[in-house]
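Colleague: The structure is given below, and queries will be raised subsequently.
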Amino acid sequence: MRTRYAPSPTGFPHIGNYRTALFEWLAARHSSGQFVLRVEDTDRKRLVPGSMEAIMEGLRWLGLAWDEGPDVGGPYGPYLQSERLALYKEHADKLIAQGDAYRCYCTEERLAALRAEQEAHKQPTGYDRLCRGLTPNERAEREAAGLSSVVRFAAPLEGATTYHDFLRGDITFDNRTIDDMILLKSDGFPTYNFANIVDDHLMDITHVIRGEEYISSAPRYAQVYRAFGWEEPVVVHVPLVLAPDRSKLSKRHGALPLLEYRELGYLPEAIANFLLLLGWAYDDKTEFFTLDEMIAVFDDRRIGTAPGIFDRARLDWFNAHYIRRLSPDELVDRAWPFLLRGLPEDARANLDRDYAKRVLMLDQERIKTLADAPALAEFFFVDQPEYDASLLLGKGMDAARTAEALAALIPTLADLPTWEPEALLAALDAFVVARGFIRTKADGSEVPDRGPVFMLVRVAVSGRKETPGLPEMLAVLGKERTLKRLEAARHKRAASQVGTEVER
RNA sequence: GGCGCAUUCGUCUAGCGGCCCAGGACGCCGCCCUCUCAAGGCGGAGAUCACGGGUUCGAAUCCCGUAUGCGCUACCA
């Protein structure tokens, strides 16, 4: 099996395009075939500089390696359509010679007027085949006059064309609804439609997997294949990916170019997994697949036929899942650029990789995207966290008691012989009991109530009310830093006049 | 306007004639665990299988029609 991804470098493809690429890649890998990257740069007006590199970068990032392509070459090259112009001309000439194509001299103005006319009369739009009936003399005149022309396919006028859609079965179009499509533009470049057919054949592509938007064009392609006498490839139309409001995916709806998701802290394995399961399912329960697992189980017959909606919340869930199962080293490696970018300057200056690793491990289970990491972990890295003094009130304690509790706790912790989570927990618990914090459980029994003291220390040390577990956090923070922050909190509390009770 | 494709909980889906008065997952809600937030565990709400006709002893599953959505209708891809 040979499949191909054939993007045109006219922009930065979104997630839906890459899902098609994923399916193409999986189909090839599953069958131990080849996956070809062919760049369809035939529209010179819409060419976007850099987009070809971005497209390839996106594929690489997802882990979809191609066997043949513009950069790596291959036996069917070149893989840039702009370098294959002679091939298209040669094949167009062949069709002209055998009467299946003709030169059309109609101007774009005439075509536009024709279309406007048809629309005004609510008629089906389409080329009226004016030039198809030109006599040899008339053609010679036009050529002599130097009129520019395009090459059009002479489509069958009557009957119907049926092609086999791998997922949907036979699809039939009345030939009267199909006009004579342009094969070669006046600038000598082929249209996508034509270059596609010629290249898929010349490159021995066995399975054409493409977006659903080409269903309507498929019968035209079939006609051309048949005019050439070529065997038609298996044609698989993958359903579209829609925005949450069911409209076509666009930036407005948060469907960004793939590489933007990298910047937002998404993992390629999460994106690939998410994409796989948008329009495809292995069974009714399996959710997670590595690329290798996908290859092993991928079955193109299970590709769905209904459009799917891009659900960011689901992507987030996949991403969080994959972040959670990263090893500590992978976690720092991947989060590192985000820390460098997102942390305040002073914290960034002397970032220690080992310390960062321990911090990230604490936050691993609450990081949704890598871009969350700096905000979640910032307090570990700054000299002193900023926070409002009003946060610094033990539950059910007034300012005086809070300050006093902090004052009492500092020497307790300072005297600890070891600074490990177990020892810290024991010390904190002892402090809770000594201070008489008691909670009555539902069954009436009384147990030590860690809440007030733990929260107080949590805020003092982090400036936040949501953090990793306290003993673990203090252990990573280190004795010196912890005591310094507790001291600062004590002063902060003492200095603050507002000391009313806070309800939590 | 014409042509085409699609249609199962808000979303992704399982289902390919009886196992389904429809199962799983995301999201949402509640409970548990618990030093907070997460994670995890348990539970819940949520789909007259778009609608209407058939076929059949029996239909989410097959057929026809309708509606709706989307796509194509470019010297774009």
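By order of appearance in the structure tokens: chains A, B, ..., then residues from 1 within every chain, and ligands from 1 in the order shown.
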Could you write out as a ChimeraX atom specification the residues of chain B within 6 Å of chain A, counting only C-alpha atoms (C1' of nucleotides)?

Modeller: /B:1-2,4,6,14,24,26,35-39,71-72,75

Colleague: Please give the complete set of residues from segment 201-425 of chain A that DSSP, run on the backbone, assigns to strand (DSSP E), formatted as number ranges by chain.

Modeller: A: 207-211, 234-238, 241-242, 308-309

Colleague: Applying 7 Å and only C-alpha atoms (C1' of nucleotides), which residues near segment 58-70 of chain B remain after dropping the ones on its own chain fewer than 2 positions away? List them as a list of chain:residue names.

Modeller: B:U8, B:C16, B:G17, B:G18, B:C49, B:C51, B:U56

Colleague: Excluding C42 of chain B and any residue of its chain fewer than 4 positions from it, enumerate the residues within 12 Å of it, using only C-alpha atoms (C1' of nucleotides), and give them as a count of residues only.

Modeller: 4

Colleague: If we count only C-alpha atoms (C1' of nucleotides) and set the cut-off at 9 Å, which residues sit around Gln384 of chain A, ignoring sequence neighbours fewer than 4 positions away in its own chain? Please answer as a tab-separated table (two decimals) with all heavy atoms, in the first residue's frame.

Modeller:
chain	number	residue	atom	x	y	z
A	379	PHE	N	5.81	29.99	42.58
A	379	PHE	CA	6.21	30.31	43.96
A	379	PHE	C	7.41	29.50	44.44
A	379	PHE	O	8.07	29.86	45.40
A	379	PHE	CB	5.02	30.16	44.91
A	379	PHE	CG	4.56	28.75	45.14
A	379	PHE	CD1	5.21	27.94	46.06
A	379	PHE	CD2	3.47	28.24	44.44
A	379	PHE	CE1	4.77	26.64	46.28
A	379	PHE	CE2	3.03	26.95	44.64
A	379	PHE	CZ	3.69	26.14	45.56
A	380	PHE	N	7.68	28.40	43.76
A	380	PHE	CA	8.85	27.60	44.13
A	380	PHE	C	10.15	28.30	43.73
A	380	PHE	O	11.20	28.04	44.28
A	380	PHE	CB	8.83	26.25	43.42
A	380	PHE	CG	7.93	25.23	44.05
A	380	PHE	CD1	6.67	24.98	43.53
A	380	PHE	CD2	8.35	24.51	45.17
A	380	PHE	CE1	5.84	24.03	44.11
A	380	PHE	CE2	7.53	23.57	45.75
A	380	PHE	CZ	6.26	23.32	45.23
A	461	VAL	N	3.84	29.93	52.81
A	461	VAL	CA	4.98	29.45	52.06
A	461	VAL	C	4.80	29.61	50.54
A	461	VAL	O	5.77	29.72	49.78
A	461	VAL	CB	5.18	27.98	52.51
A	461	VAL	CG1	5.07	27.03	51.39
A	461	VAL	CG2	6.44	27.85	53.32
A	462	SER	N	3.55	29.66	50.10
A	462	SER	CA	3.30	29.70	48.65
A	462	SER	C	2.54	30.93	48.20
A	462	SER	O	2.53	31.26	47.02
A	462	SER	CB	2.51	28.46	48.23
A	462	SER	OG	1.18	28.55	48.70
A	463	GLY	N	1.82	31.55	49.11
A	463	GLY	CA	0.99	32.68	48.72
A	463	GLY	C	-0.29	32.25	48.03
A	463	GLY	O	-1.01	33.04	47.46
A	481	ARG	N	14.46	28.00	52.85
A	481	ARG	CA	13.44	28.79	52.17
A	481	ARG	C	12.12	28.78	52.94
A	481	ARG	O	11.43	29.79	53.05
A	481	ARG	CB	13.23	28.24	50.75
A	481	ARG	CG	12.78	29.30	49.78
A	481	ARG	CD	12.88	28.89	48.33
A	481	ARG	NE	13.67	27.71	48.05
A	481	ARG	CZ	14.31	27.52	46.91
A	481	ARG	NH1	14.25	28.44	45.98
A	481	ARG	NH2	14.99	26.42	46.70
A	484	LYS	N	12.35	30.95	56.05
A	484	LYS	CA	12.42	32.36	55.67
A	484	LYS	C	11.02	32.89	55.33
A	484	LYS	O	10.63	33.98	55.71
A	484	LYS	CB	13.34	32.48	54.46
A	484	LYS	CG	13.76	33.90	54.15
A	484	LYS	CD	14.77	33.91	53.01
A	484	LYS	CE	14.64	35.20	52.22
A	484	LYS	NZ	15.11	35.06	50.84
A	485	ARG	N	10.28	32.06	54.65
A	485	ARG	CA	8.94	32.49	54.24
A	485	ARG	C	7.99	32.53	55.43
A	485	ARG	O	7.10	33.38	55.51
A	485	ARG	CB	8.39	31.55	53.16
A	485	ARG	CG	9.15	31.74	51.86
A	485	ARG	CD	8.60	30.91	50.74
A	485	ARG	NE	9.46	31.07	49.57
A	485	ARG	CZ	9.16	30.63	48.35
A	485	ARG	NH1	8.02	29.99	48.16
A	485	ARG	NH2	9.99	30.82	47.35
A	488	ALA	N	8.73	35.67	57.20
A	488	ALA	CA	8.18	36.80	56.46
A	488	ALA	C	6.68	36.90	56.70
A	488	ALA	O	6.12	37.99	56.84
A	488	ALA	CB	8.46	36.64	54.98

Colleague: Tell me, which residues of segment 240-485 of chain A carry DSSP helix (DSSP H, G or I), written as a PyMOL selection string?

Modeller: chain A and resi 251-253+258-263+268-276+291-297+300-302+312-324+328-342+345-349+353-366+370-381+389-391+399-414+421-434+451-462+470-477+479-485
